[in-house]
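Colleague: The structure file data_11.pdb (PDB, C-alpha atoms) is provided below.
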ATOM      1  CA  MET S 110     121.589 195.947  98.158
ATOM      2  CA  THR S 111     124.979 196.753  96.697
ATOM      3  CA  ASN S 112     128.053 194.525  96.655
ATOM      4  CA  LYS S 113     129.709 196.768  99.241
ATOM      5  CA  LYS S 114     126.848 197.050 101.727
ATOM      6  CA  ARG S 115     124.745 194.283 103.168
ATOM      7  CA  TYR S 116     121.675 196.458 103.558
ATOM      8  CA  TYR S 117     119.546 198.577 101.202
ATOM      9  CA  ASP S 118     120.931 202.068 101.778
ATOM     10  CA  TYR S 119     119.293 205.341 100.810
ATOM     11  CA  ASN S 120     121.908 206.556  98.333
ATOM     12  CA  SER S 121     121.651 203.325  96.342
ATOM     13  CA  TYR S 122     117.865 203.643  96.296
ATOM     14  CA  LEU S 123     117.974 207.217  94.978
ATOM     15  CA  LYS S 124     120.579 206.387  92.322
ATOM     16  CA  SER S 125     118.377 203.527  91.139
ATOM     17  CA  LEU S 126     115.593 206.049  90.521
ATOM     18  CA  TYR S 127     117.543 208.982  89.092
ATOM     19  CA  GLY S 128     120.843 207.532  87.920
ATOM     20  CA  GLU S 129     122.821 210.111  89.877
ATOM     21  CA  ARG S 130     123.369 211.490  93.332
ATOM     22  CA  VAL S 131     120.332 213.128  94.962
ATOM     23  CA  GLN S 132     121.009 215.244  98.029
ATOM     24  CA  LYS S 133     118.567 215.973 100.840
ATOM     25  CA  ILE S 134     118.104 219.576 102.043
ATOM     26  CA  VAL S 135     116.700 220.071 105.553
ATOM     27  CA  VAL S 136     114.055 222.786 105.898
ATOM     28  CA  ASP S 137     112.455 224.429 108.939
ATOM     29  CA  ALA S 138     108.901 225.539 108.115
ATOM     30  CA  GLY S 139     108.237 227.206 111.472
ATOM     31  CA  LEU S 140     105.615 224.720 112.697
ATOM     32  CA  ASP S 141     105.079 223.380 116.215
ATOM     33  CA  CYS S 142     104.347 220.004 117.826
ATOM     34  CA  PRO S 143     101.181 218.946 119.713
ATOM     35  CA  ASN S 144     103.434 217.293 122.273
ATOM     36  CA  ARG S 145     104.929 220.678 123.154
ATOM     37  CA  ASP S 146     102.186 223.284 122.693
ATOM     38  CA  GLY S 147      99.755 221.753 125.204
ATOM     39  CA  SER S 148      97.454 219.889 122.805
ATOM     40  CA  ILE S 149      98.893 216.621 124.114
ATOM     41  CA  SER S 150     101.670 217.731 126.445
ATOM     42  CA  LYS S 151     103.963 220.678 127.105
ATOM     43  CA  GLY S 152     107.091 218.721 127.903
ATOM     44  CA  GLY S 153     107.667 216.980 124.585
ATOM     45  CA  CYS S 154     109.393 213.619 124.302
ATOM     46  CA  ILE S 155     112.013 213.029 126.982
ATOM     47  CA  TYR S 156     114.902 213.141 124.482
ATOM     48  CA  CYS S 157     113.795 216.251 122.561
ATOM     49  CA  ASN S 158     115.041 219.765 123.262
ATOM     50  CA  ASN S 159     113.260 222.994 122.385
ATOM     51  CA  LYS S 160     114.641 222.981 118.829
ATOM     52  CA  GLY S 161     112.606 219.910 117.896
ATOM     53  CA  SER S 162     115.442 218.496 115.776
ATOM     54  CA  GLY S 163     115.350 221.683 113.756
ATOM     55  CA  SER S 164     117.881 224.128 112.401
ATOM     56  CA  GLY S 165     116.221 227.247 113.784
ATOM     57  CA  LEU S 166     116.503 228.936 110.376
ATOM     58  CA  TRP S 167     112.828 229.911 110.324
ATOM     59  CA  LYS S 168     113.243 231.938 113.503
ATOM     60  CA  LYS S 169     116.264 233.588 111.915
ATOM     61  CA  GLY S 170     113.977 234.901 109.201
ATOM     62  CA  LEU S 171     114.872 232.592 106.298
ATOM     63  CA  SER S 172     111.974 231.582 104.083
ATOM     64  CA  ILE S 173     111.574 228.044 102.792
ATOM     65  CA  THR S 174     112.932 229.122  99.416
ATOM     66  CA  GLU S 175     115.946 230.817 100.981
ATOM     67  CA  GLN S 176     116.728 227.770 103.100
ATOM     68  CA  ILE S 177     116.566 225.481 100.072
ATOM     69  CA  GLU S 178     118.755 227.759  97.975
ATOM     70  CA  LEU S 179     121.285 227.969 100.795
ATOM     71  CA  GLY S 180     121.371 224.175 101.100
ATOM     72  CA  ARG S 181     121.368 223.603  97.360
ATOM     73  CA  ASN S 182     124.396 225.827  96.835
ATOM     74  CA  ALA S 183     126.312 224.109  99.644
ATOM     75  CA  MET S 184     125.463 220.609  98.365
ATOM     76  CA  ALA S 185     126.346 221.531  94.802
ATOM     77  CA  ARG S 186     129.784 222.720  95.917
ATOM     78  CA  ARG S 187     130.460 219.770  98.208
ATOM     79  CA  TYR S 188     128.978 216.873  96.211
ATOM     80  CA  ASN S 189     128.421 218.345  92.747
ATOM     81  CA  ALA S 190     124.765 217.426  93.233
ATOM     82  CA  LYS S 191     122.181 218.623  90.736
ATOM     83  CA  LYS S 192     119.032 217.008  92.111
ATOM     84  CA  PHE S 193     117.593 217.534  95.580
ATOM     85  CA  LEU S 194     114.930 216.334  98.000
ATOM     86  CA  VAL S 195     113.488 218.860 100.431
ATOM     87  CA  TYR S 196     113.146 217.421 103.934
ATOM     88  CA  PHE S 197     110.622 219.147 106.185
ATOM     89  CA  GLN S 198     112.259 218.012 109.421
ATOM     90  CA  SER S 199     111.657 220.444 112.276
ATOM     91  CA  TYR S 200     108.815 219.539 114.642
ATOM     92  CA  THR S 201     105.609 218.202 112.996
ATOM     93  CA  ASN S 202     105.084 219.132 109.361
ATOM     94  CA  THR S 203     101.429 218.192 109.020
ATOM     95  CA  TYR S 204     100.452 219.903 112.267
ATOM     96  CA  THR S 205      98.702 222.790 110.543
ATOM     97  CA  THR S 206      95.945 223.415 108.024
ATOM     98  CA  CYS S 207      95.892 221.876 104.560
ATOM     99  CA  GLU S 208      96.117 225.401 103.157
ATOM    100  CA  ARG S 209      99.370 226.047 105.010
ATOM    101  CA  MET S 210     100.725 222.629 104.042
ATOM    102  CA  LYS S 211      99.977 223.256 100.369
ATOM    103  CA  ALA S 212     101.689 226.646 100.476
ATOM    104  CA  MET S 213     104.781 225.093 102.113
ATOM    105  CA  TYR S 214     105.056 222.223  99.657
ATOM    106  CA  ASP S 215     104.323 224.373  96.595
ATOM    107  CA  GLU S 216     107.025 226.843  97.570
ATOM    108  CA  ALA S 217     109.583 224.089  98.107
ATOM    109  CA  LEU S 218     108.885 222.125  94.940
ATOM    110  CA  LYS S 219     109.126 225.083  92.575
ATOM    111  CA  VAL S 220     112.818 225.628  93.385
ATOM    112  CA  ASP S 221     115.082 224.591  90.534
ATOM    113  CA  GLY S 222     116.602 221.126  90.944
ATOM    114  CA  VAL S 223     114.081 219.854  93.523
ATOM    115  CA  VAL S 224     112.727 216.435  92.479
ATOM    116  CA  GLY S 225     110.745 215.550  95.591
ATOM    117  CA  MET S 226     110.158 215.988  99.289
ATOM    118  CA  ALA S 227     110.161 214.145 102.599
ATOM    119  CA  ILE S 228     107.674 215.209 105.255
ATOM    120  CA  GLY S 229     108.505 214.517 108.885
ATOM    121  CA  THR S 230     105.434 214.190 111.082
ATOM    122  CA  ARG S 231     103.651 212.188 113.781
ATOM    123  CA  PRO S 232     101.133 209.396 113.081
ATOM    124  CA  ASP S 233      98.524 211.247 115.145
ATOM    125  CA  CYS S 234      98.803 214.377 112.974
ATOM    126  CA  VAL S 235      97.443 213.059 109.674
ATOM    127  CA  ASP S 236      93.914 212.586 108.389
ATOM    128  CA  GLN S 237      92.387 211.666 105.038
ATOM    129  CA  GLU S 238      92.293 215.258 103.806
ATOM    130  CA  LYS S 239      95.999 215.717 104.518
ATOM    131  CA  ILE S 240      96.910 212.363 102.970
ATOM    132  CA  ASP S 241      94.925 213.289  99.855
ATOM    133  CA  LEU S 242      96.823 216.578  99.606
ATOM    134  CA  ILE S 243     100.216 214.874  99.961
ATOM    135  CA  ALA S 244      99.212 212.238  97.397
ATOM    136  CA  SER S 245      98.407 214.966  94.880
ATOM    137  CA  TYR S 246     102.148 215.661  94.534
ATOM    138  CA  THR S 247     103.136 212.099  93.672
ATOM    139  CA  ASP S 248     102.311 212.403  89.960
ATOM    140  CA  LYS S 249     105.321 214.665  89.431
ATOM    141  CA  TYR S 250     107.529 214.253  92.506
ATOM    142  CA  LEU S 251     109.074 211.620  94.739
ATOM    143  CA  VAL S 252     107.257 211.852  98.080
ATOM    144  CA  TRP S 253     108.207 210.304 101.413
ATOM    145  CA  LEU S 254     105.984 210.601 104.482
ATOM    146  CA  GLU S 255     108.099 210.019 107.588
ATOM    147  CA  TYR S 256     106.230 208.922 110.701
ATOM    148  CA  GLY S 257     107.962 209.231 114.050
ATOM    149  CA  LEU S 258     107.254 205.918 115.784
ATOM    150  CA  GLN S 259     110.386 205.258 117.910
ATOM    151  CA  SER S 260     109.041 201.969 119.340
ATOM    152  CA  SER S 261     106.178 199.543 118.751
ATOM    153  CA  HIS S 262     105.731 199.032 122.489
ATOM    154  CA  ASP S 263     103.066 201.117 124.202
ATOM    155  CA  LYS S 264     104.788 201.000 127.596
ATOM    156  CA  THR S 265     107.888 202.534 126.038
ATOM    157  CA  LEU S 266     105.873 205.157 124.170
ATOM    158  CA  GLN S 267     104.219 206.153 127.426
ATOM    159  CA  LEU S 268     107.539 206.231 129.272
ATOM    160  CA  ILE S 269     109.136 208.569 126.714
ATOM    161  CA  ASN S 270     106.017 210.784 126.707
ATOM    162  CA  ARG S 271     105.407 210.181 123.028
ATOM    163  CA  GLY S 272     101.685 211.003 123.233
ATOM    164  CA  HIS S 273     100.376 208.234 120.952
ATOM    165  CA  ASN S 274     100.313 204.438 120.888
ATOM    166  CA  PHE S 275     101.336 201.836 118.301
ATOM    167  CA  GLU S 276      97.768 201.432 117.076
ATOM    168  CA  CYS S 277      97.866 205.076 116.003
ATOM    169  CA  PHE S 278     100.887 204.311 113.818
ATOM    170  CA  ILE S 279      99.140 201.277 112.305
ATOM    171  CA  LYS S 280      96.127 203.405 111.360
ATOM    172  CA  ALA S 281      98.342 206.108 109.821
ATOM    173  CA  VAL S 282     100.122 203.505 107.685
ATOM    174  CA  GLU S 283      96.871 201.844 106.652
ATOM    175  CA  MET S 284      95.457 205.209 105.587
ATOM    176  CA  VAL S 285      98.220 205.490 102.985
ATOM    177  CA  LYS S 286      98.090 201.801 102.028
ATOM    178  CA  LYS S 287      94.367 202.081 101.298
ATOM    179  CA  MET S 288      95.132 204.858  98.820
ATOM    180  CA  GLU S 289      97.824 202.690  97.222
ATOM    181  CA  SER S 290      95.275 199.928  96.681
ATOM    182  CA  ILE S 291      92.988 202.342  94.862
ATOM    183  CA  LYS S 292      95.840 203.511  92.627
ATOM    184  CA  LYS S 293      96.803 199.924  91.830
ATOM    185  CA  MET S 294      93.294 199.311  90.571
ATOM    186  CA  THR S 295      93.691 202.207  88.141
ATOM    187  CA  GLN S 296      97.245 201.097  87.199
ATOM    188  CA  LEU S 297      98.795 204.401  88.238
ATOM    189  CA  LEU S 298     101.225 203.103  90.836
ATOM    190  CA  ASN S 299     105.012 202.853  90.430
ATOM    191  CA  LYS S 300     108.092 203.562  92.563
ATOM    192  CA  LYS S 301     107.720 207.326  92.330
ATOM    193  CA  ASN S 302     103.984 207.701  91.844
ATOM    194  CA  ARG S 303     102.909 207.032  95.415
ATOM    195  CA  ILE S 304     103.448 208.068  99.006
ATOM    196  CA  ASN S 305     106.422 206.162 100.422
ATOM    197  CA  ILE S 306     106.268 205.584 104.181
ATOM    198  CA  CYS S 307     109.343 205.806 106.406
ATOM    199  CA  ALA S 308     109.252 204.786 110.073
ATOM    200  CA  HIS S 309     111.596 206.415 112.577
ATOM    201  CA  VAL S 310     112.841 204.020 115.272
ATOM    202  CA  ILE S 311     115.128 204.701 118.236
ATOM    203  CA  LEU S 312     117.342 201.961 119.660
ATOM    204  CA  GLY S 313     118.346 202.078 123.315
ATOM    205  CA  LEU S 314     115.156 203.566 124.763
ATOM    206  CA  PRO S 315     114.773 203.228 128.545
ATOM    207  CA  LYS S 316     113.843 199.723 129.741
ATOM    208  CA  GLU S 317     113.751 198.251 126.228
ATOM    209  CA  THR S 318     115.454 194.902 125.761
ATOM    210  CA  LYS S 319     117.059 193.755 122.524
ATOM    211  CA  SER S 320     114.172 191.349 121.922
ATOM    212  CA  MET S 321     111.722 194.266 122.178
ATOM    213  CA  MET S 322     113.698 196.226 119.579
ATOM    214  CA  ILE S 323     113.760 193.227 117.240
ATOM    215  CA  GLN S 324     110.002 192.882 117.678
ATOM    216  CA  THR S 325     109.640 196.503 116.513
ATOM    217  CA  ALA S 326     111.647 195.662 113.373
ATOM    218  CA  ARG S 327     109.384 192.709 112.574
ATOM    219  CA  ARG S 328     106.198 194.655 113.261
ATOM    220  CA  ILE S 329     107.030 197.550 110.958
ATOM    221  CA  GLY S 330     108.242 195.108 108.318
ATOM    222  CA  GLU S 331     104.954 193.256 108.448
ATOM    223  CA  LEU S 332     103.075 196.535 108.010
ATOM    224  CA  GLY S 333     104.811 197.049 104.673
ATOM    225  CA  VAL S 334     106.628 200.314 105.309
ATOM    226  CA  ASP S 335     108.971 201.404 102.528
ATOM    227  CA  GLY S 336     111.804 202.766 104.632
ATOM    228  CA  VAL S 337     113.191 203.081 108.134
ATOM    229  CA  LYS S 338     115.443 205.500 109.956
ATOM    230  CA  ILE S 339     117.359 203.872 112.792
ATOM    231  CA  HIS S 340     118.449 206.329 115.467
ATOM    232  CA  LEU S 341     120.700 205.934 118.459
ATOM    233  CA  LEU S 342     119.219 207.310 121.665
ATOM    234  CA  TYR S 343     121.816 209.893 122.631
ATOM    235  CA  VAL S 344     121.439 212.363 125.475
ATOM    236  CA  VAL S 345     120.830 215.980 124.469
ATOM    237  CA  LYS S 346     121.561 218.767 126.932
ATOM    238  CA  GLY S 347     118.555 220.404 128.524
ATOM    239  CA  THR S 348     116.214 217.431 128.152
ATOM    240  CA  ILE S 349     114.379 215.190 130.600
ATOM    241  CA  LEU S 350     116.603 212.355 129.388
ATOM    242  CA  GLU S 351     119.684 214.298 130.483
ATOM    243  CA  ARG S 352     118.298 214.481 134.038
ATOM    244  CA  MET S 353     117.643 210.724 133.943
ATOM    245  CA  TRP S 354     121.200 210.107 132.741
ATOM    246  CA  GLN S 355     122.661 212.380 135.414
ATOM    247  CA  ASN S 356     120.780 210.700 138.264
ATOM    248  CA  GLY S 357     121.661 207.216 137.008
ATOM    249  CA  SER S 358     118.183 206.102 135.967
ATOM    250  CA  TYR S 359     119.259 205.851 132.333
ATOM    251  CA  THR S 360     122.469 204.335 130.922
ATOM    252  CA  CYS S 361     123.545 204.864 127.310
ATOM    253  CA  MET S 362     124.312 201.967 125.007
ATOM    254  CA  THR S 363     127.973 201.311 124.321
ATOM    255  CA  GLN S 364     129.120 201.508 120.730
ATOM    256  CA  ASN S 365     129.501 197.719 120.569
ATOM    257  CA  GLU S 366     126.019 197.188 122.001
ATOM    258  CA  TYR S 367     124.534 199.578 119.470
ATOM    259  CA  VAL S 368     126.354 197.982 116.518
ATOM    260  CA  GLU S 369     125.252 194.479 117.518
ATOM    261  CA  THR S 370     121.649 195.641 117.987
ATOM    262  CA  VAL S 371     121.557 197.441 114.633
ATOM    263  CA  CYS S 372     122.771 194.290 112.889
ATOM    264  CA  ASP S 373     120.119 192.221 114.667
ATOM    265  CA  PHE S 374     117.500 194.816 113.771
ATOM    266  CA  ILE S 375     118.206 194.920 110.033
ATOM    267  CA  GLU S 376     118.403 191.103 109.854
ATOM    268  CA  HIS S 377     114.704 191.148 110.784
ATOM    269  CA  LEU S 378     113.657 193.809 108.250
ATOM    270  CA  PRO S 379     112.412 192.893 104.758
ATOM    271  CA  LYS S 380     115.037 193.190 102.012
ATOM    272  CA  ASN S 381     113.081 195.862 100.140
ATOM    273  CA  VAL S 382     112.902 198.329 103.046
ATOM    274  CA  VAL S 383     115.186 201.298 102.374
ATOM    275  CA  ILE S 384     117.395 202.058 105.381
ATOM    276  CA  GLN S 385     117.599 205.832 105.235
ATOM    277  CA  ARG S 386     119.630 206.238 108.401
ATOM    278  CA  ILE S 387     121.560 203.746 110.491
ATOM    279  CA  THR S 388     122.679 205.863 113.447
ATOM    280  CA  GLY S 389     122.039 209.213 115.093
ATOM    281  CA  ASP S 390     123.508 212.560 114.098
ATOM    282  CA  PRO S 391     123.979 214.656 117.260
ATOM    283  CA  HIS S 392     125.130 218.241 117.230
ATOM    284  CA  PRO S 393     128.460 218.383 119.101
ATOM    285  CA  ASP S 394     127.430 221.420 121.163
ATOM    286  CA  GLU S 395     124.193 219.748 122.286
ATOM    287  CA  LEU S 396     125.456 216.237 123.042
ATOM    288  CA  ALA S 397     125.817 215.187 126.670
ATOM    289  CA  ALA S 398     126.413 211.453 126.069
ATOM    290  CA  PRO S 399     127.653 209.101 124.738
ATOM    291  CA  GLU S 400     130.758 210.684 123.233
ATOM    292  CA  TRP S 401     131.198 207.880 120.700
ATOM    293  CA  ALA S 402     127.971 209.015 119.000
ATOM    294  CA  LEU S 403     129.970 211.745 117.268
ATOM    295  CA  ASN S 404     132.099 209.173 115.432
ATOM    296  CA  LYS S 405     129.578 208.120 112.777
ATOM    297  CA  HIS S 406     132.221 206.847 110.376
ATOM    298  CA  SER S 407     133.511 204.381 112.956
ATOM    299  CA  THR S 408     129.986 203.140 113.697
ATOM    300  CA  PHE S 409     129.211 202.672 109.987
ATOM    301  CA  ASN S 410     132.381 200.636 109.516
ATOM    302  CA  MET S 411     131.702 198.508 112.589
ATOM    303  CA  ILE S 412     128.188 197.680 111.368
ATOM    304  CA  GLN S 413     129.467 196.624 107.955
ATOM    305  CA  THR S 414     132.310 194.592 109.478
ATOM    306  CA  THR S 415     129.954 192.866 111.925
ATOM    307  CA  LEU S 416     127.557 191.883 109.136
ATOM    308  CA  GLU S 417     130.470 190.485 107.132
ATOM    309  CA  GLU S 418     131.802 188.543 110.113
ATOM    310  CA  ARG S 419     128.330 187.094 110.700
ATOM    311  CA  ASP S 420     127.930 186.463 106.961
ATOM    312  CA  SER S 421     124.614 188.231 107.392
ATOM    313  CA  TRP S 422     122.428 190.722 105.516
ATOM    314  CA  GLN S 423     119.207 192.660 105.653
ATOM    315  CA  GLY S 424     116.199 190.351 105.718
ATOM    316  CA  LYS S 425     118.101 187.218 106.675
ATOM    317  CA  PHE S 426     115.630 186.330 109.430
ATOM    318  CA  PHE S 427     112.507 188.121 108.194
TER     319      PHE S 427
END
Take the structure from the file and write it as structure tokens.
Modeller:
Amino acid sequence: MTNKKRYYDYNSYLKSLYGERVQKIVVDAGLDCPNRDGSISKGGCIYCNNKGSGSGLWKKGLSITEQIELGRNAMARRYNAKKFLVYFQSYTNTYTTCERMKAMYDEALKVDGVVGMAIGTRPDCVDQEKIDLIASYTDKYLVWLEYGLQSSHDKTLQLINRGHNFECFIKAVEMVKKMESIKKMTQLLNKKNRINICAHVILGLPKETKSMMIQTARRIGELGVDGVKIHLLYVVKGTILERMWQNGSYTCMTQNEYVETVCDFIEHLPKNVVIQRITGDPHPDELAAPEWALNKHSTFNMIQTTLEERDSWQGKFF
């Protein structure tokens, strides 16, 4: 943690590894999701629209290389960045063959300035062969494997139509941890030379209490994940959640409620867990509610101020 922030933020983590700013470039590889194509369900999660958190650039005909170059040029102009992580974000980026995965990752990592990658996926879409493939890149690159969990409570996962349970997440984490143990025996493991696991969690899911959210923080901390992305549940137009919000069966968190819950959440995370994201990032044209979700800067400041007023920090109660 830095002197300014009371939690272990992502930028500080990357600077500790590379000594300079490292910028993430989002890539759409044109894959699908088993929760949308009928393998598990056709409706998807209740909060997800048909873009699957993606940019849509693949459908516009841009290759992975072209997307990275487009992002790299923009980040270089805006932040003077020279090093980049490629983030395979759209849909489920291990939901394909190992051959396709290898082609995707190879194409991305050969672009000048790319020092690593983050792979967004579901815990039910990995197996040992895929983990072995991903691990093969860790000798030369920083690799993050990002599992969408959202909640550690099976009732919630069923309610949001997630299509897997918490046990599935545990097994997916343990699959990577087992490989880490083998590498430790051969003294090959360091901060970069391994698969880092990030858990995605959503605060404000229907029928979840604050104590349930805190329990999720403690559970993922106890599993030894390396990072977490904390998302606000905001309502996207054209989703099942929007219908629930319109008919009054779902109420959004207020900004104050969210800030207080985030602070509680990170107090129960281990100090060494990298907090990659601390709120949501809705597209203005897609957002139905709450309007305050667009004011990220205000939310960041409120979280920092609240931690200072509490004289609190990440890991205080872990």
Colleague: Just the residues within 6 Å of S:Arg231, please, counting only C-alpha atoms, with nothing from its chain fewer than 2 positions along; format it as a VMD selection string.
Modeller: chain S and resid 233 to 234 256 to 257
Colleague: Excluding stretch 208-211 of chain S and residues on its chain fewer than 2 positions from it, collect all residues at most 12 Å away from it, counting all atoms listed in the file, and give them as a PyMOL selection string.
Modeller: chain S and resi 138-140+197+201-206+213-218+228+230+235+238-246
Colleague: Between S:Lys316, S:Arg419, S:Lys192, S:Lys338, which residue has the minimum interatomic distance to S:Asp390, considering all atoms listed in the file?
Modeller: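 Answer, going by the shortest atom-to-atom distance: S:Lys338.
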Colleague: List the spatial neighbours of S:Val344 as number ranges by chain - criterion: any atom at most 12 Å away, all atoms listed in the file, same-chain residues fewer than 4 positions off excluded.
Modeller: S: 155-158, 313-315, 348-355, 359-362, 389-403
Colleague: Any chance you could work out the residue set of the PyMOL selection byres ((chain S and resi 415) around 12) here, as a PyMOL selection string?
Modeller: chain S and resi 114-115+365-373+376+408-414+416-422
Colleague: Select, from S:Val224, S:Met284, S:Leu266, S:Ala183, the residue with the minimum atom-to-atom distance to S:Leu123, counting all atoms listed in the file.
Modeller: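 Closest to S:Leu123, using all atoms listed in the file: S:Val224.
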Colleague: Can you list what the PyMOL selection byres ((chain S and resi 129) around 12) grabs from this structure, as a list in words?
Modeller: Asn120, Ser121, Tyr122, Leu123, Lys124, Ser125, Leu126, Tyr127, Gly128, Arg130, Val131, Gln132, Tyr188, Asn189, Ala190, Lys191, Lys192 and Phe193 of chain S
Colleague: Save out the residues we just selected, C-alpha atoms, as a JSON list (two decimals), in the frame of the given file.
Modeller:
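File selection_18.json, as written:
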[["chain", "number", "residue", "atom", "x", "y", "z"],
["S", 120, "ASN", "CA", 121.91, 206.56, 98.33],
["S", 121, "SER", "CA", 121.65, 203.32, 96.34],
["S", 122, "TYR", "CA", 117.86, 203.64, 96.30],
["S", 123, "LEU", "CA", 117.97, 207.22, 94.98],
["S", 124, "LYS", "CA", 120.58, 206.39, 92.32],
["S", 125, "SER", "CA", 118.38, 203.53, 91.14],
["S", 126, "LEU", "CA", 115.59, 206.05, 90.52],
["S", 127, "TYR", "CA", 117.54, 208.98, 89.09],
["S", 128, "GLY", "CA", 120.84, 207.53, 87.92],
["S", 130, "ARG", "CA", 123.37, 211.49, 93.33],
["S", 131, "VAL", "CA", 120.33, 213.13, 94.96],
["S", 132, "GLN", "CA", 121.01, 215.24, 98.03],
["S", 188, "TYR", "CA", 128.98, 216.87, 96.21],
["S", 189, "ASN", "CA", 128.42, 218.34, 92.75],
["S", 190, "ALA", "CA", 124.76, 217.43, 93.23],
["S", 191, "LYS", "CA", 122.18, 218.62, 90.74],
["S", 192, "LYS", "CA", 119.03, 217.01, 92.11],
["S", 193, "PHE", "CA", 117.59, 217.53, 95.58]]
Colleague: If the PyMOL selection byres ((chain S and resi 262) around 8) is run on the structure shown, which residues does it catch, given as a list in words?
Modeller: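 Output from the PyMOL selection byres ((chain S and resi 262) around 8), applied to this file: Ser260, Ser261, Asp263, Lys264, Thr265, Leu266, Asn274, Phe275, Met321 and Thr325 of chain S.
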Colleague: Which is closest to S:Val282 among S:Ile323, S:Leu268, S:Thr318, S:Val334, if we use all atoms listed in the file?
Modeller: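 Smallest separation from S:Val282 among the options: S:Val334.
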Colleague: Excluding S:Asn305 and its own-chain neighbours fewer than 2 positions away, which residues fall within 8 Å of it when counting all atoms listed in the file? Please give them as a ChimeraX atom specification.
Modeller: /S:252-254,303,307,334-336
Colleague: In Å, how far is it from atom CA of S:Ser199 to atom CA of S:Ile384?
Modeller: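 Distance reported for this atom pair: 20.5 Å.
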Colleague: Would you work out the distance separating atom CA of S:Lys287 from atom CA of S:Arg271, expressed in Å to one decimal?
Modeller: 25.7 Å
Colleague: Please indicate the distance in Å from atom CA of S:Val383 to atom CA of S:Lys133, rounded to one decimal place.
Modeller: 15.1 Å
Colleague: With N, CA, C and O atoms as the atom set, please write stretch 111-122 of chain S from the structure just given, as a PDB file, in the first residue's frame.
Modeller:
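New file part.pdb:
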ATOM      1  N   THR S 111       0.369   2.287  -0.668  1.00  0.00           N
ATOM      2  CA  THR S 111       1.113   3.538  -0.725  1.00  0.00           C
ATOM      3  C   THR S 111       0.710   4.429   0.437  1.00  0.00           C
ATOM      4  O   THR S 111      -0.241   4.153   1.162  1.00  0.00           O
ATOM      5  N   ASN S 112       1.423   5.537   0.606  1.00  0.00           N
ATOM      6  CA  ASN S 112       1.081   6.493   1.659  1.00  0.00           C
ATOM      7  C   ASN S 112      -0.251   7.174   1.370  1.00  0.00           C
ATOM      8  O   ASN S 112      -0.953   7.591   2.271  1.00  0.00           O
ATOM      9  N   LYS S 113      -0.581   7.316   0.076  1.00  0.00           N
ATOM     10  CA  LYS S 113      -1.800   8.029  -0.291  1.00  0.00           C
ATOM     11  C   LYS S 113      -3.032   7.140  -0.166  1.00  0.00           C
ATOM     12  O   LYS S 113      -4.092   7.605   0.230  1.00  0.00           O
ATOM     13  N   LYS S 114      -2.910   5.879  -0.553  1.00  0.00           N
ATOM     14  CA  LYS S 114      -4.059   4.984  -0.545  1.00  0.00           C
ATOM     15  C   LYS S 114      -3.936   3.968   0.577  1.00  0.00           C
ATOM     16  O   LYS S 114      -2.839   3.546   0.933  1.00  0.00           O
ATOM     17  N   ARG S 115      -5.083   3.580   1.085  1.00  0.00           N
ATOM     18  CA  ARG S 115      -5.103   2.634   2.202  1.00  0.00           C
ATOM     19  C   ARG S 115      -5.454   1.231   1.733  1.00  0.00           C
ATOM     20  O   ARG S 115      -5.898   0.396   2.513  1.00  0.00           O
ATOM     21  N   TYR S 116      -5.241   0.985   0.451  1.00  0.00           N
ATOM     22  CA  TYR S 116      -5.412  -0.349  -0.103  1.00  0.00           C
ATOM     23  C   TYR S 116      -4.361  -0.546  -1.200  1.00  0.00           C
ATOM     24  O   TYR S 116      -3.772   0.413  -1.708  1.00  0.00           O
ATOM     25  N   TYR S 117      -4.110  -1.794  -1.553  1.00  0.00           N
ATOM     26  CA  TYR S 117      -3.065  -2.165  -2.505  1.00  0.00           C
ATOM     27  C   TYR S 117      -3.628  -2.055  -3.919  1.00  0.00           C
ATOM     28  O   TYR S 117      -4.245  -2.979  -4.417  1.00  0.00           O
ATOM     29  N   ASP S 118      -3.416  -0.913  -4.554  1.00  0.00           N
ATOM     30  CA  ASP S 118      -4.024  -0.667  -5.862  1.00  0.00           C
ATOM     31  C   ASP S 118      -3.161  -1.230  -6.994  1.00  0.00           C
ATOM     32  O   ASP S 118      -1.977  -1.505  -6.844  1.00  0.00           O
ATOM     33  N   TYR S 119      -3.792  -1.368  -8.135  1.00  0.00           N
ATOM     34  CA  TYR S 119      -3.186  -2.055  -9.283  1.00  0.00           C
ATOM     35  C   TYR S 119      -2.001  -1.287  -9.865  1.00  0.00           C
ATOM     36  O   TYR S 119      -0.975  -1.886 -10.223  1.00  0.00           O
ATOM     37  N   ASN S 120      -2.123   0.027  -9.973  1.00  0.00           N
ATOM     38  CA  ASN S 120      -1.032   0.817 -10.533  1.00  0.00           C
ATOM     39  C   ASN S 120       0.240   0.697  -9.689  1.00  0.00           C
ATOM     40  O   ASN S 120       1.348   0.583 -10.213  1.00  0.00           O
ATOM     41  N   SER S 121       0.069   0.724  -8.369  1.00  0.00           N
ATOM     42  CA  SER S 121       1.220   0.574  -7.477  1.00  0.00           C
ATOM     43  C   SER S 121       1.873  -0.792  -7.649  1.00  0.00           C
ATOM     44  O   SER S 121       3.105  -0.922  -7.660  1.00  0.00           O
ATOM     45  N   TYR S 122       1.043  -1.809  -7.791  1.00  0.00           N
ATOM     46  CA  TYR S 122       1.548  -3.174  -8.005  1.00  0.00           C
ATOM     47  C   TYR S 122       2.383  -3.252  -9.279  1.00  0.00           C
ATOM     48  O   TYR S 122       3.507  -3.779  -9.279  1.00  0.00           O
TER      49      TYR S 122
END
